[in-house]
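Undergrad: What follows is upload_28.csv, made up of CSV, C-alpha atoms:
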chain,number,residue,atom,x,y,z
O,37,GLY,CA,0.2,12.6,-12.7
O,38,ASP,CA,0.1,12.3,-9.0
O,39,SER,CA,3.3,11.5,-7.1
O,40,VAL,CA,4.6,11.2,-3.5
O,41,THR,CA,8.2,11.9,-2.4
O,42,GLN,CA,9.4,10.8,0.9
O,43,MET,CA,12.9,10.8,2.5
O,44,GLU,CA,14.7,7.7,1.8
O,45,GLY,CA,16.3,5.6,4.5
O,46,PRO,CA,17.4,3.9,6.4
O,47,VAL,CA,16.8,6.3,9.2
O,48,THR,CA,18.5,5.2,12.4
O,49,LEU,CA,17.6,6.7,15.8
O,50,SER,CA,18.1,5.9,19.4
O,51,GLU,CA,15.1,5.0,21.6
O,52,GLU,CA,13.2,8.0,22.9
O,53,ALA,CA,14.5,10.3,20.1
O,54,PHE,CA,12.2,12.6,18.2
O,55,LEU,CA,11.2,11.3,14.8
O,56,THR,CA,10.3,13.2,11.6
O,57,ILE,CA,9.8,11.6,8.2
O,58,ASN,CA,9.2,14.1,5.4
O,59,CYS,CA,6.6,13.6,2.8
O,60,THR,CA,5.6,15.9,0.0
O,61,TYR,CA,3.1,15.3,-2.8
O,62,THR,CA,2.0,16.4,-6.2
O,63,ALA,CA,-1.7,16.1,-7.1
O,64,THR,CA,-4.1,17.7,-9.5
O,65,GLY,CA,-7.1,17.9,-7.1
O,66,TYR,CA,-7.6,17.7,-3.4
O,67,PRO,CA,-6.3,14.3,-2.3
O,68,SER,CA,-6.6,12.4,0.9
O,69,LEU,CA,-3.3,11.6,2.5
O,70,PHE,CA,-2.2,8.5,4.4
O,71,TRP,CA,0.7,7.0,6.3
O,72,TYR,CA,1.0,3.2,6.3
O,73,VAL,CA,3.4,1.1,8.3
O,74,GLN,CA,4.8,-2.3,7.2
O,75,TYR,CA,6.5,-4.7,9.6
O,76,PRO,CA,8.9,-7.3,8.2
O,77,GLY,CA,7.2,-9.9,6.1
O,78,GLU,CA,3.8,-8.4,6.5
O,79,GLY,CA,1.2,-6.4,4.6
O,80,LEU,CA,0.6,-2.7,5.2
O,81,GLN,CA,-1.4,-1.3,8.1
O,82,LEU,CA,-3.0,2.1,8.1
O,83,LEU,CA,-1.3,4.3,10.7
O,84,LEU,CA,-3.1,7.6,10.2
O,85,LYS,CA,-4.9,9.7,7.6
O,86,ALA,CA,-6.1,13.2,6.8
O,87,THR,CA,-8.8,14.1,4.2
O,88,LYS,CA,-8.6,17.9,4.0
O,89,ALA,CA,-6.2,20.8,4.5
O,90,ASP,CA,-5.1,21.5,8.1
O,91,ASP,CA,-6.5,18.2,9.3
O,92,LYS,CA,-4.2,16.4,11.7
O,93,GLY,CA,-4.1,12.6,11.7
O,94,SER,CA,-2.9,10.8,14.9
O,95,ASN,CA,-2.5,7.3,16.1
O,96,LYS,CA,-0.2,5.5,18.6
O,97,GLY,CA,1.8,8.7,19.3
O,98,PHE,CA,2.4,9.5,15.6
O,99,GLU,CA,1.0,12.7,14.1
O,100,ALA,CA,0.9,14.3,10.7
O,101,THR,CA,-0.7,17.5,9.5
O,102,TYR,CA,-2.1,18.0,6.0
O,103,ARG,CA,-0.4,21.2,4.7
O,104,LYS,CA,-1.8,22.3,1.4
O,105,GLU,CA,0.3,25.4,1.1
O,106,THR,CA,3.5,23.3,1.2
O,107,THR,CA,1.9,20.1,-0.2
O,108,SER,CA,3.4,18.2,2.7
O,109,PHE,CA,2.3,15.5,5.2
O,110,HIS,CA,5.3,14.9,7.5
O,111,LEU,CA,5.1,12.1,10.0
O,112,GLU,CA,6.3,12.9,13.6
O,113,LYS,CA,6.6,11.1,16.9
O,114,GLY,CA,7.9,12.6,20.1
O,115,SER,CA,9.6,9.6,21.5
O,116,VAL,CA,10.2,6.5,19.4
O,117,GLN,CA,10.5,2.9,20.7
O,118,VAL,CA,12.3,-0.1,19.4
O,119,SER,CA,8.9,-1.5,18.4
O,120,ASP,CA,8.5,1.4,15.9
O,121,SER,CA,11.1,-0.1,13.7
O,122,ALA,CA,9.4,-0.7,10.4
O,123,VAL,CA,9.0,0.7,6.9
O,124,TYR,CA,6.7,3.7,6.6
O,125,PHE,CA,4.9,4.7,3.4
O,126,CYS,CA,3.3,8.0,2.6
O,127,ALA,CA,0.4,7.7,0.1
O,128,LEU,CA,-2.4,9.8,-1.5
O,129,SER,CA,-5.8,9.1,-3.0
O,130,GLU,CA,-7.5,11.6,-5.3
O,131,ARG,CA,-11.0,10.3,-4.8
O,132,THR,CA,-13.1,10.9,-1.7
O,133,GLY,CA,-15.4,8.0,-2.1
O,134,GLY,CA,-16.1,4.9,-4.1
O,135,GLY,CA,-14.5,4.2,-7.4
O,136,ALA,CA,-11.0,5.2,-6.4
O,137,ASP,CA,-8.4,3.9,-8.8
O,138,GLY,CA,-5.7,3.0,-6.3
O,139,LEU,CA,-3.3,4.8,-3.9
O,140,THR,CA,-0.1,6.5,-5.1
O,141,PHE,CA,2.7,5.5,-2.7
O,142,GLY,CA,6.1,7.0,-1.9
O,143,LYS,CA,9.0,4.6,-2.0
O,144,GLY,CA,9.0,4.0,1.7
O,145,THR,CA,11.3,5.0,4.6
O,146,HIS,CA,13.0,2.2,6.6
O,147,LEU,CA,13.1,3.3,10.3
O,148,ILE,CA,15.5,1.5,12.6
O,149,ILE,CA,15.3,2.3,16.4
O,150,GLN,CA,18.3,1.2,18.5
O,151,PRO,CA,18.0,0.5,22.2
E,92,ASP,CA,-12.9,-11.7,12.1
E,93,GLY,CA,-13.2,-9.6,9.0
E,94,GLY,CA,-10.1,-9.2,6.9
E,95,ILE,CA,-8.2,-10.0,3.7
E,96,THR,CA,-6.4,-13.3,3.2
E,97,GLN,CA,-3.8,-14.1,0.6
E,98,SER,CA,-2.4,-17.5,-0.2
E,99,PRO,CA,0.1,-18.9,-0.3
E,100,LYS,CA,2.5,-16.8,1.8
E,101,TYR,CA,5.5,-18.0,-0.2
E,102,LEU,CA,5.4,-19.3,-3.8
E,103,PHE,CA,8.1,-20.6,-6.1
E,104,ARG,CA,7.7,-20.9,-9.8
E,105,LYS,CA,9.9,-22.1,-12.6
E,106,GLU,CA,10.5,-19.9,-15.6
E,107,GLY,CA,7.8,-20.2,-18.2
E,108,GLN,CA,5.0,-21.2,-15.9
E,109,ASN,CA,1.9,-19.3,-15.1
E,110,VAL,CA,1.0,-19.0,-11.4
E,111,THR,CA,-2.2,-17.7,-9.6
E,112,LEU,CA,-2.2,-15.8,-6.4
E,113,SER,CA,-5.3,-15.9,-4.2
E,114,CYS,CA,-6.9,-12.9,-2.5
E,115,GLU,CA,-10.2,-13.2,-0.5
E,116,GLN,CA,-11.9,-10.6,1.6
E,117,ASN,CA,-15.0,-10.9,3.9
E,118,LEU,CA,-15.3,-7.1,4.5
E,119,ASN,CA,-18.0,-6.7,1.9
E,120,HIS,CA,-15.9,-4.2,0.0
E,121,ASP,CA,-16.7,-3.5,-3.6
E,122,ALA,CA,-13.2,-2.4,-4.7
E,123,MET,CA,-10.1,-4.6,-4.7
E,124,TYR,CA,-6.6,-4.0,-5.8
E,125,TRP,CA,-3.3,-5.7,-6.6
E,126,TYR,CA,0.1,-4.1,-5.9
E,127,ARG,CA,3.6,-5.2,-6.5
E,128,GLN,CA,6.4,-4.3,-4.1
E,129,ASP,CA,10.0,-4.3,-5.0
E,130,PRO,CA,12.9,-3.2,-2.7
E,131,GLY,CA,13.3,0.6,-2.8
E,132,GLN,CA,10.4,1.1,-5.2
E,133,GLY,CA,7.4,1.3,-3.0
E,134,LEU,CA,4.1,-0.2,-4.2
E,135,ARG,CA,3.0,-0.1,-7.8
E,136,LEU,CA,-0.6,-0.8,-8.9
E,137,ILE,CA,-1.1,-3.8,-11.2
E,138,TYR,CA,-4.9,-4.1,-11.6
E,139,TYR,CA,-8.0,-3.0,-9.7
E,140,SER,CA,-11.6,-3.8,-9.7
E,141,GLN,CA,-14.4,-1.5,-8.6
E,142,ILE,CA,-17.2,-4.0,-9.0
E,143,VAL,CA,-17.9,-7.7,-9.8
E,144,ASN,CA,-17.1,-8.6,-13.5
E,145,ASP,CA,-15.2,-5.4,-14.1
E,146,PHE,CA,-11.5,-4.5,-13.7
E,147,GLN,CA,-9.0,-2.0,-15.0
E,148,LYS,CA,-5.3,-2.0,-15.7
E,149,GLY,CA,-3.0,-0.2,-13.3
E,150,ASP,CA,0.4,1.2,-14.0
E,151,ILE,CA,2.2,-2.1,-14.5
E,152,ALA,CA,-0.4,-4.6,-15.9
E,153,GLU,CA,1.7,-6.2,-18.6
E,154,GLY,CA,2.3,-9.9,-18.0
E,155,TYR,CA,-0.5,-10.1,-15.4
E,156,SER,CA,-4.2,-11.0,-15.6
E,157,VAL,CA,-7.1,-10.9,-13.2
E,158,SER,CA,-10.7,-12.0,-12.8
E,159,ARG,CA,-13.5,-10.8,-10.5
E,160,GLU,CA,-16.3,-13.4,-10.6
E,161,LYS,CA,-17.3,-12.9,-7.0
E,162,LYS,CA,-17.2,-9.9,-4.7
E,163,GLU,CA,-15.1,-11.7,-2.2
E,164,SER,CA,-12.4,-12.9,-4.6
E,165,PHE,CA,-9.8,-11.2,-6.9
E,166,PRO,CA,-7.2,-13.7,-8.0
E,167,LEU,CA,-4.0,-12.5,-9.9
E,168,THR,CA,-2.3,-14.7,-12.5
E,169,VAL,CA,1.3,-14.0,-13.2
E,170,THR,CA,1.9,-15.2,-16.7
E,171,SER,CA,5.1,-16.3,-18.4
E,172,ALA,CA,5.0,-13.0,-20.3
E,173,GLN,CA,6.0,-11.2,-17.1
E,174,LYS,CA,9.7,-10.5,-17.5
E,175,ASN,CA,10.7,-10.1,-13.9
E,176,PRO,CA,8.0,-11.6,-11.7
E,177,THR,CA,10.0,-12.1,-8.5
E,178,ALA,CA,8.5,-9.7,-6.0
E,179,PHE,CA,6.2,-9.3,-3.0
E,180,TYR,CA,2.5,-9.1,-4.1
E,181,LEU,CA,-0.1,-7.3,-1.9
E,182,CYS,CA,-3.9,-7.3,-2.3
E,183,ALA,CA,-6.1,-4.6,-0.9
E,184,SER,CA,-9.8,-3.7,-0.6
E,185,GLN,CA,-11.7,-0.6,0.0
E,186,THR,CA,-15.2,0.4,1.0
E,187,ASP,CA,-17.5,2.3,-1.3
E,188,TRP,CA,-17.7,5.3,1.1
E,189,SER,CA,-14.0,5.7,2.1
E,190,ASN,CA,-10.7,5.9,0.3
E,191,GLU,CA,-9.0,3.9,3.1
E,192,GLN,CA,-7.5,0.7,1.8
E,193,PHE,CA,-7.1,-2.5,3.9
E,194,PHE,CA,-4.2,-4.8,3.0
E,195,GLY,CA,-3.7,-8.6,3.1
E,196,PRO,CA,-0.4,-10.1,4.4
E,197,GLY,CA,1.1,-10.5,1.0
E,198,THR,CA,2.5,-13.3,-1.1
E,199,ARG,CA,6.2,-13.5,-1.9
E,200,LEU,CA,6.8,-15.0,-5.4
E,201,THR,CA,10.2,-16.3,-6.4
E,202,VAL,CA,11.0,-17.4,-9.9
E,203,LEU,CA,13.7,-20.1,-10.0
Kindly transcribe the structure held in the file into structure tokens.

TA:
Amino acid sequence: GDSVTQMEGPVTLSEEAFLTINCTYTATGYPSLFWYVQYPGEGLQLLLKATKADDKGSNKGFEATYRKETTSFHLEKGSVQVSDSAVYFCALSERTGGGADGLTFGKGTHLIIQP
Amino acid sequence: DGGITQSPKYLFRKEGQNVTLSCEQNLNHDAMYWYRQDPGQGLRLIYYSQIVNDFQKGDIAEGYSVSREKKESFPLTVTSAQKNPTAFYLCASQTDWSNEQFFGPGTRLTVL
């Protein structure tokens, strides 16, 4: 079955540091890939996505590139802020349209940014 | 504003009691989902529904039940058969043309 593996935290960085959170996946087909962010006590918000190989998703300074050859979708940001402190989830979906049977999530990476 | 609402935000239940969690969306999405989140385990799919009056079991459906009588609503009942119900429950919905899911704010259930 499908699976997502991401680095486990917590990851602690200083403000303005470079961020990488690794994510690799196993899927039978050609999945779409997502990064979601969860702030304390809240639901998940979509951060970025990519639907095919070599696509780059980007939002709020975060980027991730869909690498089919390495089955990876690593999240990066050049200069993190304290407000980026949250839990980040990598996820995949096998379907490209309606009828999808849910996302497959990684276990989440807790990011802590210190001033 | 369009979105997904879940109520209540916090819920306490005594052992042996059933409890129902509400999920409502006004996004006109066909598909809706229930996930359970436990510390260090990510999100796991409980049930999902792709259309009114139809739903399917996810990975951890035992001890849970759902209904989908209206497009806007997808309530989840946590029954007394669920051995370890204390968790954070998240509802999501999805359009019929995209695989992007939109999440509600969640309900934290605690069994006393």

Undergrad: What are the closest atom pairs, with distances in Å to one decimal, for all residues of stretch 73-148 of chain O lying within 8 Å of stretch 52-62 of chain O? Consider all atoms listed in the file, order rows by chain and residue number, and present the result as CSV.

TA:
residue,atom,partner,partner_atom,distance
O:Thr106,CA,O:Thr60,CA,7.8
O:Thr107,CA,O:Tyr61,CA,5.6
O:Ser108,CA,O:Thr60,CA,4.2
O:Phe109,CA,O:Cys59,CA,5.3
O:His110,CA,O:Asn58,CA,4.5
O:Leu111,CA,O:Ile57,CA,5.1
O:Glu112,CA,O:Thr56,CA,4.5
O:Lys113,CA,O:Leu55,CA,5.1
O:Gly114,CA,O:Phe54,CA,4.7
O:Ser115,CA,O:Glu52,CA,4.2
O:Val116,CA,O:Glu52,CA,4.8
O:Gln117,CA,O:Glu52,CA,6.2
O:Cys126,CA,O:Cys59,CA,6.5
O:Leu128,CA,O:Tyr61,CA,7.9
O:Thr145,CA,O:Ile57,CA,7.7

Undergrad: When you get a sec, could you note down which chain O residues fall within 10 Å of chain E, using all atoms listed in the file, as a VMD selection string?

TA: chain O and resid 44 to 45 67 to 70 72 74 77 to 82 84 to 85 87 124 to 146

Undergrad: Return the single residue from O:Ala86, O:Val123, O:Val118, O:Ala100 that is closest to O:Ser50, with distances computed using all atoms listed in the file.

TA: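 Closest residue, counting all atoms listed in the file: O:Val118.
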